[in-house]
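Trainee: My structure is in structure.txt, and what it holds is compact mmCIF, C-alpha atoms:
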# COMPACT_ATOMS: atom_id res chain seq x y z
CA MET A 1 -20.69 -7.86 29.82
CA PRO A 2 -23.07 -6.70 27.08
CA THR A 3 -26.46 -8.38 26.75
CA MET A 4 -27.21 -10.33 23.59
CA ASP A 5 -29.18 -7.34 22.22
CA GLN A 6 -26.31 -4.96 22.98
CA ALA A 7 -23.77 -7.28 21.38
CA LEU A 8 -25.97 -7.60 18.29
CA ASP A 9 -26.34 -3.83 18.07
CA GLU A 10 -22.57 -3.37 18.34
CA VAL A 11 -21.97 -6.00 15.64
CA LEU A 12 -24.39 -4.21 13.30
CA ASN A 13 -22.86 -0.78 14.00
CA LEU A 14 -19.34 -2.05 13.53
CA ALA A 15 -20.15 -3.84 10.27
CA ALA A 16 -22.00 -0.78 8.92
CA ASN A 17 -19.09 1.52 9.79
CA HIS A 18 -16.34 -0.72 8.49
CA PHE A 19 -18.00 -1.55 5.18
CA LYS A 20 -19.63 1.87 4.78
CA VAL A 21 -23.18 0.56 4.58
CA PRO A 22 -26.02 2.66 6.10
CA ARG A 23 -26.81 1.15 9.50
CA GLU A 24 -30.57 1.33 8.85
CA LYS A 25 -30.15 -1.03 5.91
CA LEU A 26 -28.86 -3.82 8.12
CA SER A 27 -31.13 -6.18 10.07
CA PRO A 28 -30.19 -8.88 12.59
CA ASP A 29 -31.29 -11.74 10.36
CA ASP A 30 -29.69 -10.45 7.17
CA ASP A 31 -27.15 -12.59 5.35
CA PHE A 32 -24.09 -10.45 6.03
CA PHE A 33 -22.31 -11.56 2.86
CA LYS A 34 -25.18 -10.15 0.81
CA ALA A 35 -26.07 -7.18 3.03
CA LEU A 36 -22.48 -5.97 3.18
CA GLY A 37 -21.52 -7.17 -0.29
CA ILE A 38 -18.37 -8.88 1.01
CA ASP A 39 -16.27 -11.86 -0.06
CA SER A 40 -14.38 -14.37 2.07
CA LEU A 41 -11.31 -12.20 2.61
CA GLN A 42 -13.43 -9.24 3.66
CA THR A 43 -15.21 -11.58 6.07
CA LEU A 44 -11.84 -12.12 7.72
CA ASP A 45 -11.60 -8.35 8.09
CA LEU A 46 -14.97 -8.35 9.83
CA LEU A 47 -13.83 -11.19 12.07
CA THR A 48 -10.70 -9.26 13.06
CA LYS A 49 -12.73 -6.11 13.69
CA LEU A 50 -15.10 -8.03 15.95
CA GLU A 51 -12.28 -9.75 17.84
CA ASN A 52 -10.50 -6.44 18.41
CA HIS A 53 -13.71 -4.70 19.49
CA PHE A 54 -14.97 -7.36 21.88
CA HIS A 55 -11.50 -8.57 22.97
CA VAL A 56 -12.38 -12.16 22.17
CA GLU A 57 -10.90 -14.87 20.02
CA LEU A 58 -13.26 -16.36 17.45
CA PRO A 59 -11.84 -19.50 15.83
CA ASP A 60 -13.00 -19.30 12.24
CA TYR A 61 -14.14 -22.93 12.19
CA GLU A 62 -16.80 -21.97 14.74
CA LEU A 63 -18.15 -19.47 12.23
CA GLN A 64 -18.35 -21.92 9.36
CA GLY A 65 -21.91 -21.76 8.05
CA VAL A 66 -22.74 -18.63 10.05
CA THR A 67 -24.22 -16.09 7.66
CA ASP A 68 -26.47 -13.80 9.72
CA PHE A 69 -25.64 -11.09 12.22
CA ARG A 70 -27.76 -12.57 15.01
CA THR A 71 -25.93 -15.91 15.02
CA LEU A 72 -22.62 -14.09 14.71
CA ALA A 73 -23.46 -12.02 17.80
CA SER A 74 -24.43 -15.17 19.70
CA LYS A 75 -21.03 -16.73 18.88
CA ILE A 76 -19.35 -13.63 20.29
CA GLN A 77 -21.60 -13.60 23.34
CA ALA A 78 -20.59 -17.19 24.06
CA ARG A 79 -16.94 -16.13 24.28
CA LEU A 80 -17.35 -13.03 26.45
CA MET B 81 31.91 17.34 -34.52
CA SER B 82 30.65 19.45 -31.66
CA SER B 83 27.55 20.42 -33.67
CA LEU B 84 26.82 16.77 -34.33
CA ILE B 85 26.97 16.07 -30.58
CA ALA B 86 24.71 19.07 -30.00
CA LYS B 87 22.18 17.67 -32.45
CA MET B 88 22.31 14.22 -30.94
CA GLY B 89 22.15 15.53 -27.39
CA PRO B 90 24.46 14.30 -24.65
CA PRO B 91 25.84 10.82 -25.13
CA THR B 92 23.63 8.27 -23.41
CA GLU B 93 25.41 5.82 -21.19
CA PRO B 94 23.98 2.58 -19.90
CA PRO B 95 23.00 2.89 -16.23
CA HIS B 96 25.80 2.19 -13.82
CA PRO B 97 25.51 -1.45 -12.70
CA ALA B 98 25.28 -0.40 -9.05
CA ARG B 99 22.35 1.93 -9.82
CA ARG B 100 20.50 -0.82 -11.65
CA THR B 101 20.32 -2.91 -8.49
CA GLU B 102 19.08 -0.06 -6.30
CA GLN B 103 15.59 -0.18 -7.68
CA PHE B 104 13.49 -2.66 -9.54
CA GLN B 105 9.92 -2.73 -10.73
CA GLY B 106 8.66 -6.20 -11.58
CA GLN B 107 5.30 -7.81 -12.30
CA THR B 108 4.80 -9.06 -8.77
CA LEU B 109 7.16 -7.01 -6.61
CA SER B 110 9.44 -4.03 -6.59
CA TRP B 111 12.35 -2.87 -4.50
CA SER B 112 14.15 0.35 -3.79
CA LEU B 113 17.04 1.47 -1.62
CA ASN B 114 16.87 4.76 0.24
CA SER B 115 18.95 6.01 3.17
CA GLY B 116 20.27 2.54 3.94
CA ILE B 117 16.83 0.89 3.96
CA ILE B 118 15.77 -1.56 1.26
CA GLU B 119 12.02 -1.83 0.79
CA LEU B 120 10.74 -4.92 -0.98
CA ALA B 121 7.07 -4.39 -1.83
CA LEU B 122 4.74 -7.13 -3.08
CA HIS B 123 2.10 -5.99 -5.55
CA ARG B 124 0.59 -8.91 -7.39
CA GLU B 125 -3.20 -8.63 -7.63
CA PRO B 126 -5.47 -9.83 -6.18
CA ASN B 127 -3.79 -10.98 -2.94
CA ASN B 128 -0.05 -11.35 -3.62
CA GLU B 129 -0.39 -15.05 -4.34
CA ILE B 130 3.16 -16.38 -4.66
CA SER B 131 3.55 -17.76 -8.18
CA SER B 132 6.51 -18.89 -10.27
CA THR B 133 6.76 -15.30 -11.52
CA THR B 134 7.01 -14.08 -7.92
CA LEU B 135 9.67 -16.69 -7.27
CA ALA B 136 11.68 -15.61 -10.32
CA GLU B 137 11.54 -12.00 -9.14
CA LEU B 138 12.50 -12.98 -5.59
CA GLU B 139 15.49 -14.80 -7.09
CA LYS B 140 16.38 -11.64 -8.94
CA PHE B 141 16.18 -9.82 -5.60
CA ILE B 142 18.52 -12.20 -3.79
CA GLY B 143 20.86 -11.92 -6.77
CA ALA B 144 21.03 -8.18 -6.10
CA LEU B 145 21.07 -8.49 -2.32
CA ASP B 146 24.84 -8.72 -1.86
CA GLU B 147 25.37 -5.46 -3.65
CA LEU B 148 22.37 -3.79 -2.00
CA SER B 149 23.59 -4.92 1.42
CA ARG B 150 26.81 -2.96 1.06
CA LYS B 151 24.78 0.25 1.17
CA ALA B 152 22.04 -0.83 3.56
CA HIS B 153 21.49 -1.76 7.17
CA ALA B 154 17.86 -2.90 7.02
CA LEU B 155 15.37 -4.60 4.74
CA ILE B 156 11.62 -4.07 5.00
CA MET B 157 9.17 -6.41 3.29
CA CYS B 158 5.67 -5.09 2.77
CA SER B 159 2.68 -5.15 0.43
CA THR B 160 1.12 -2.30 -1.50
CA LEU B 161 -2.20 -4.13 -1.82
CA LYS B 162 -5.16 -3.26 0.37
CA SER B 163 -6.13 -6.92 0.89
CA GLY B 164 -3.02 -7.71 2.86
CA PHE B 165 0.55 -8.95 2.87
CA SER B 166 0.00 -12.19 0.95
CA ALA B 167 -2.59 -14.97 0.71
CA GLY B 168 0.24 -17.49 0.19
CA ALA B 169 1.06 -19.86 -2.63
CA ASP B 170 -0.79 -19.52 -5.90
CA LEU B 171 -3.08 -22.54 -5.47
CA ARG B 172 -4.34 -22.34 -9.03
CA GLU B 173 -0.78 -22.75 -10.25
CA LEU B 174 -0.26 -25.65 -7.83
CA TYR B 175 -3.43 -27.35 -9.07
CA GLY B 176 -2.21 -26.74 -12.64
CA TRP B 177 0.99 -28.70 -11.89
CA ILE B 178 -1.05 -31.73 -10.80
CA LYS B 179 -3.13 -31.52 -13.95
CA GLU B 180 -0.04 -31.04 -16.13
CA TYR B 181 2.36 -33.55 -14.59
CA GLY B 182 -0.05 -36.00 -13.01
CA ARG B 183 0.24 -37.27 -9.44
CA ALA B 184 3.15 -39.56 -10.31
CA GLU B 185 5.39 -36.73 -11.53
CA VAL B 186 4.17 -33.72 -9.62
CA ALA B 187 6.44 -34.42 -6.63
CA ASN B 188 9.55 -34.04 -8.80
CA HIS B 189 8.34 -30.73 -10.15
CA ALA B 190 7.32 -29.54 -6.68
CA ARG B 191 10.73 -30.49 -5.28
CA GLY B 192 12.57 -28.35 -7.82
CA TYR B 193 10.27 -25.43 -7.10
CA LEU B 194 10.54 -25.80 -3.32
CA GLU B 195 14.31 -26.02 -3.43
CA ARG B 196 14.37 -22.74 -5.32
CA ILE B 197 12.02 -20.99 -2.92
CA HIS B 198 13.83 -22.37 0.13
CA ARG B 199 17.07 -20.97 -1.28
CA VAL B 200 15.45 -17.54 -1.51
CA MET B 201 14.01 -17.79 2.00
CA ASN B 202 17.32 -19.00 3.45
CA VAL B 203 19.30 -16.19 1.83
CA ILE B 204 16.92 -13.55 3.22
CA ASP B 205 16.83 -15.32 6.59
CA ALA B 206 20.65 -15.32 6.82
CA CYS B 207 21.38 -11.95 5.26
CA PRO B 208 23.44 -9.62 7.47
CA LEU B 209 20.82 -6.86 7.38
CA THR B 210 18.15 -6.55 10.02
CA THR B 211 14.96 -7.61 8.26
CA ILE B 212 11.45 -6.46 9.11
CA ALA B 213 8.13 -7.70 7.73
CA ALA B 214 5.49 -4.96 7.81
CA VAL B 215 2.24 -6.88 7.49
CA HIS B 216 -1.43 -6.05 7.26
CA GLY B 217 -4.58 -7.97 6.31
CA VAL B 218 -4.25 -11.50 5.03
CA THR B 219 -0.88 -13.06 5.90
CA PHE B 220 -1.58 -16.69 5.07
CA GLY B 221 0.40 -19.78 4.19
CA GLY B 222 3.40 -18.90 2.01
CA GLY B 223 2.86 -15.22 2.82
CA PHE B 224 3.12 -16.01 6.53
CA GLU B 225 6.24 -18.07 5.77
CA LEU B 226 7.79 -15.14 3.94
CA ALA B 227 7.15 -12.91 6.98
CA LEU B 228 8.69 -15.58 9.23
CA VAL B 229 12.09 -15.31 7.55
CA CYS B 230 12.33 -11.75 8.83
CA ASP B 231 13.97 -10.85 12.13
CA LEU B 232 10.99 -8.76 13.24
CA ILE B 233 7.33 -8.69 12.31
CA VAL B 234 5.46 -5.41 12.68
CA ALA B 235 1.73 -5.99 12.28
CA ASP B 236 -1.20 -3.72 11.56
CA LYS B 237 -3.94 -4.58 14.07
CA MET B 238 -6.06 -5.83 11.14
CA ALA B 239 -3.42 -8.39 10.12
CA ARG B 240 -4.55 -12.00 10.17
CA PHE B 241 -2.29 -15.04 10.13
CA CYS B 242 -3.01 -18.62 9.17
CA PHE B 243 -1.49 -21.87 8.00
CA PRO B 244 -4.40 -23.32 6.02
CA GLU B 245 -2.37 -26.04 4.26
CA LEU B 246 -3.87 -28.98 6.17
CA ARG B 247 -7.24 -28.07 4.65
CA LEU B 248 -5.68 -29.03 1.33
CA GLY B 249 -4.05 -32.21 2.59
CA LEU B 250 -0.63 -30.53 2.72
CA ILE B 251 1.76 -29.00 5.20
CA PRO B 252 3.37 -25.57 4.77
CA GLY B 253 6.14 -25.97 2.20
CA TYR B 254 8.14 -22.74 2.26
CA GLY B 255 9.84 -23.37 5.59
CA GLY B 256 6.97 -22.43 7.90
CA ILE B 257 7.11 -25.23 10.43
CA PRO B 258 10.87 -25.20 11.13
CA ARG B 259 10.81 -21.41 11.40
CA LEU B 260 7.82 -21.50 13.75
CA LYS B 261 9.66 -24.12 15.82
CA ARG B 262 12.61 -21.75 16.02
CA ASP B 263 10.40 -19.08 17.58
CA LEU B 264 7.49 -20.76 19.39
CA GLY B 265 6.56 -23.58 21.73
CA ASN B 266 5.41 -26.82 20.17
CA ALA B 267 1.88 -26.68 21.66
CA VAL B 268 1.20 -23.34 19.96
CA ILE B 269 2.48 -24.67 16.64
CA ARG B 270 0.26 -27.73 16.89
CA ASP B 271 -2.74 -25.47 17.48
CA LEU B 272 -1.96 -23.28 14.46
CA LEU B 273 -1.09 -26.15 12.19
CA LEU B 274 -3.59 -28.83 13.16
CA THR B 275 -6.68 -26.61 13.44
CA GLY B 276 -5.79 -24.44 10.42
CA ARG B 277 -7.48 -21.54 12.19
CA SER B 278 -6.60 -17.96 11.54
CA PHE B 279 -5.64 -15.56 14.30
CA ASN B 280 -5.23 -11.83 14.67
CA ALA B 281 -2.22 -9.60 15.35
CA THR B 282 -2.93 -9.29 19.07
CA LYS B 283 -2.86 -13.07 19.44
CA ALA B 284 0.27 -13.22 17.26
CA GLN B 285 1.96 -10.80 19.62
CA GLN B 286 0.78 -12.72 22.70
CA ILE B 287 2.36 -15.93 21.43
CA GLY B 288 5.60 -14.16 20.56
CA LEU B 289 5.50 -13.99 16.78
CA VAL B 290 4.90 -10.30 16.31
CA SER B 291 7.12 -7.69 17.90
CA GLN B 292 4.84 -4.67 17.44
CA VAL B 293 1.11 -4.25 16.81
CA VAL B 294 0.20 -0.87 15.37
CA GLY B 295 -2.94 0.94 14.22
CA GLU B 296 -4.59 0.42 10.86
CA GLY B 297 -2.38 1.53 7.99
CA GLU B 298 0.61 2.17 10.28
CA ALA B 299 2.73 -0.97 9.81
CA LEU B 300 5.05 0.40 7.15
CA ARG B 301 5.56 3.67 9.01
CA ALA B 302 6.41 1.79 12.20
CA ALA B 303 8.74 -0.56 10.30
CA ARG B 304 10.55 2.43 8.78
CA ALA B 305 10.95 4.03 12.21
CA THR B 306 12.33 0.74 13.53
CA ALA B 307 14.74 0.51 10.58
CA VAL B 308 16.00 4.05 11.27
CA GLN B 309 16.64 3.09 14.91
CA ILE B 310 18.53 -0.04 13.80
CA GLY B 311 20.68 2.16 11.57
CA LYS B 312 22.14 3.85 14.67
CA PHE B 313 23.98 0.67 15.65
CA ASP B 314 27.21 -0.74 14.27
CA ARG B 315 26.21 -2.88 11.31
CA SER B 316 28.69 -5.67 11.85
CA THR B 317 27.70 -6.00 15.53
CA SER B 318 24.03 -6.29 14.52
CA ALA B 319 24.95 -8.94 11.95
CA THR B 320 27.01 -10.87 14.53
CA ALA B 321 24.18 -10.75 17.07
CA LYS B 322 21.68 -11.92 14.46
CA LYS B 323 23.84 -14.85 13.42
CA PHE B 324 24.21 -15.85 17.07
CA ILE B 325 20.50 -15.72 18.00
CA LYS B 326 18.83 -16.77 14.76
CA PRO B 327 20.18 -20.11 13.57
CA ILE B 328 18.73 -21.49 10.36
CA PRO B 329 17.27 -24.99 10.79
CA TYR B 330 18.60 -26.36 7.48
CA GLU B 331 18.08 -30.02 8.35
CA GLU B 332 14.43 -29.56 9.28
CA LEU B 333 13.84 -27.36 6.26
CA GLN B 334 15.06 -30.18 4.03
CA ARG B 335 12.81 -32.66 5.85
CA GLU B 336 9.88 -30.31 5.27
CA ILE B 337 10.55 -30.38 1.50
CA ASP B 338 10.66 -34.19 1.57
CA LEU B 339 7.41 -34.43 3.49
CA PHE B 340 5.63 -31.88 1.28
CA CYS B 341 6.69 -33.81 -1.83
CA GLU B 342 5.43 -37.05 -0.31
CA LEU B 343 2.05 -35.48 0.48
CA ILE B 344 1.48 -33.65 -2.80
CA ALA B 345 1.24 -36.92 -4.73
CA ARG B 346 -1.75 -38.05 -2.66
CA PRO B 347 -5.29 -37.95 -4.08
CA ALA B 348 -6.51 -35.84 -1.15
CA VAL B 349 -4.40 -32.90 -2.32
CA GLU B 350 -5.80 -32.95 -5.84
CA MET B 351 -9.31 -33.12 -4.38
CA GLY B 352 -8.62 -30.30 -1.90
CA LEU B 353 -7.11 -28.03 -4.54
CA LYS B 354 -9.89 -28.80 -7.02
CA LYS B 355 -12.45 -27.90 -4.38
CA PHE B 356 -10.67 -24.62 -3.65
CA VAL B 357 -10.08 -23.64 -7.26
CA GLU B 358 -13.63 -24.42 -8.32
CA SER B 359 -15.26 -23.11 -5.14
CA MET B 360 -18.10 -20.65 -5.44
CA ASP B 361 -18.38 -20.66 -1.65
CA ALA B 362 -18.27 -17.25 -0.07
CA GLN B 363 -15.87 -18.61 2.55
CA PRO B 364 -13.22 -20.64 0.67
CA TYR B 365 -10.54 -19.37 3.06
CA LEU B 366 -12.36 -20.76 6.09
CA PRO B 367 -12.08 -24.41 7.13
Could you show the structure in this file as structure tokens?
Mentor:
Amino acid sequence: MPTMDQALDEVLNLAANHFKVPREKLSPDDDFFKALGIDSLQTLDLLTKLENHFHVELPDYELQGVTDFRTLASKIQARL
Amino acid sequence: MSSLIAKMGPPTEPPHPARRTEQFQGQTLSWSLNSGIIELALHREPNNEISSTTLAELEKFIGALDELSRKAHALIMCSTLKSGFSAGADLRELYGWIKEYGRAEVANHARGYLERIHRVMNVIDACPLTTIAAVHGVTFGGGFELALVCDLIVADKMARFCFPELRLGLIPGYGGIPRLKRDLGNAVIRDLLLTGRSFNATKAQQIGLVSQVVGEGEALRAARATAVQIGKFDRSTSATAKKFIKPIPYEELQREIDLFCELIARPAVEMGLKKFVESMDAQPYLP
């Protein structure tokens, strides 16, 4: 099982790759909507990417109000 | 006389009626028939929201389906939009009905609309062809219900399914619940319906909704390969088998219309739709 830091790093890499944003421009506490320039439907894409990568199920109501990568990674970590 | 014809060019004849049905390009969808496979492609920006224009074009499609079916063995439904298969009913149009007709009258209008869309869904559901939904991205609400009329669902691994209607104070209205009940256990349906959560293609396959999960951008290719395989079998045997194993729950579908019409007149629906339509939230699709 990845550590919290590893999970966070994987989330950042995956988001950067999928939305074609330079990885160095993303920080753990960034608002991912703003940092990635994504809307609600693209957020669902990110959610699916994360679920497929980590082999977890993330009910979207658990992510309501989550806007930064660090909290997102902690939600994933809690389901691993 | 011959020089006059030469000047005018060859006489132009109206297209043969049979040819006219073989392809169609509408505002919200198009269809074509090639090598025994009909492809019905949704293409209404931004997310294939199902509007009254979509419904009118779907009605045009089922009007042509009898004739198309004589030359086909399979039907594939897909989307040409990057965002996904369909985000479901056009909620702005639905909100517009409440504003136009008022809560007292909106149920009557909704009933007429639902009866039309159920007729479309039922015709596709019962048609003798083998039907395949090739889905990717957002497959929500009415879009999910459209996929559920098909015999098989082939999903891109980035497909995401959801029945978000309860967030709006409604239930799915295009036949979703009876068709889910046909295919799934009641506990799974309660989870999908009562939590309104979305779920991915892998989960959809685990619960028995999706027959194949394929890589990104591969759903249509896989659906075509499946349709070619289906074409190797005797058509009438396939149609007989389908009729035997896929009954249409007409009674429950009618009850769904009644229940939807009862709910749509409630204040909670107007409030829910208003919130959605006016939302500046970055996550309006999340509960």
Trainee: Nearest to chain B: which of A:Leu46, A:Leu12, A:Met4, A:Leu80 is it, counting all atoms listed in the file?
Mentor: A:Leu46
Trainee: Residues of chain B within 12 Å of chain A: nearest atom pair and distance (Å, one decimal) for each, counting only C-alpha atoms, sorted by chain and number, as a tab-separated table?
Mentor:
residue	atom	partner	partner_atom	distance
B:Pro126	CA	A:Leu41	CA	10.8
B:Asn127	CA	A:Leu41	CA	9.4
B:Lys162	CA	A:Gln42	CA	10.7
B:Ser163	CA	A:Leu41	CA	7.6
B:Gly164	CA	A:Leu41	CA	9.4
B:Ser166	CA	A:Leu41	CA	11.4
B:Ala167	CA	A:Leu41	CA	9.3
B:His216	CA	A:Asp45	CA	10.5
B:Gly217	CA	A:Asp45	CA	7.3
B:Val218	CA	A:Leu41	CA	7.5
B:Thr219	CA	A:Leu41	CA	11.0
B:Phe220	CA	A:Leu41	CA	11.0
B:Asp236	CA	A:Thr48	CA	11.1
B:Lys237	CA	A:Asn52	CA	8.1
B:Met238	CA	A:Thr48	CA	6.1
B:Ala239	CA	A:Thr48	CA	7.9
B:Arg240	CA	A:Thr48	CA	7.3
B:Phe241	CA	A:Leu44	CA	10.3
B:Cys242	CA	A:Asp60	CA	10.5
B:Pro244	CA	A:Asp60	CA	11.3
B:Arg247	CA	A:Tyr61	CA	11.4
B:Asp271	CA	A:Pro59	CA	11.0
B:Leu272	CA	A:Pro59	CA	10.7
B:Thr275	CA	A:Tyr61	CA	8.4
B:Gly276	CA	A:Tyr61	CA	8.7
B:Arg277	CA	A:Asp60	CA	6.0
B:Ser278	CA	A:Asp60	CA	6.6
B:Phe279	CA	A:Pro59	CA	7.5
B:Asn280	CA	A:Thr48	CA	6.3
B:Ala281	CA	A:Thr48	CA	8.8
B:Thr282	CA	A:Asn52	CA	8.1
B:Lys283	CA	A:Glu57	CA	8.3
B:Ala284	CA	A:Glu57	CA	11.6
B:Val293	CA	A:Asn52	CA	11.9
B:Gly295	CA	A:Asn52	CA	11.4
B:Glu296	CA	A:Lys49	CA	10.8
B:Ser359	CA	A:Ser40	CA	11.4
B:Met360	CA	A:Asp39	CA	10.5
B:Asp361	CA	A:Ser40	CA	8.3
B:Ala362	CA	A:Ser40	CA	5.3
B:Gln363	CA	A:Ser40	CA	4.5
B:Pro364	CA	A:Ser40	CA	6.5
B:Tyr365	CA	A:Ser40	CA	6.4
B:Leu366	CA	A:Asp60	CA	6.4
B:Pro367	CA	A:Tyr61	CA	5.7
Trainee: Would you compute the distance between CA of Ala214 in chain B and CA of Asn128 in chain B? Give it in Å to one decimal.
Mentor: 14.2 Å
Trainee: Using CA of Glu225 in chain B and CA of Leu260 in chain B as the two end points, give the distance in Å to one decimal.
Mentor: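 It comes out at 8.8 Å.
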Trainee: Within 10 Å of Arg346 in chain B, counting all atoms listed in the file, which residues show up once you throw out same-chain ones fewer than 6 positions away? Write them as a count of residues only, please.
Mentor: 5
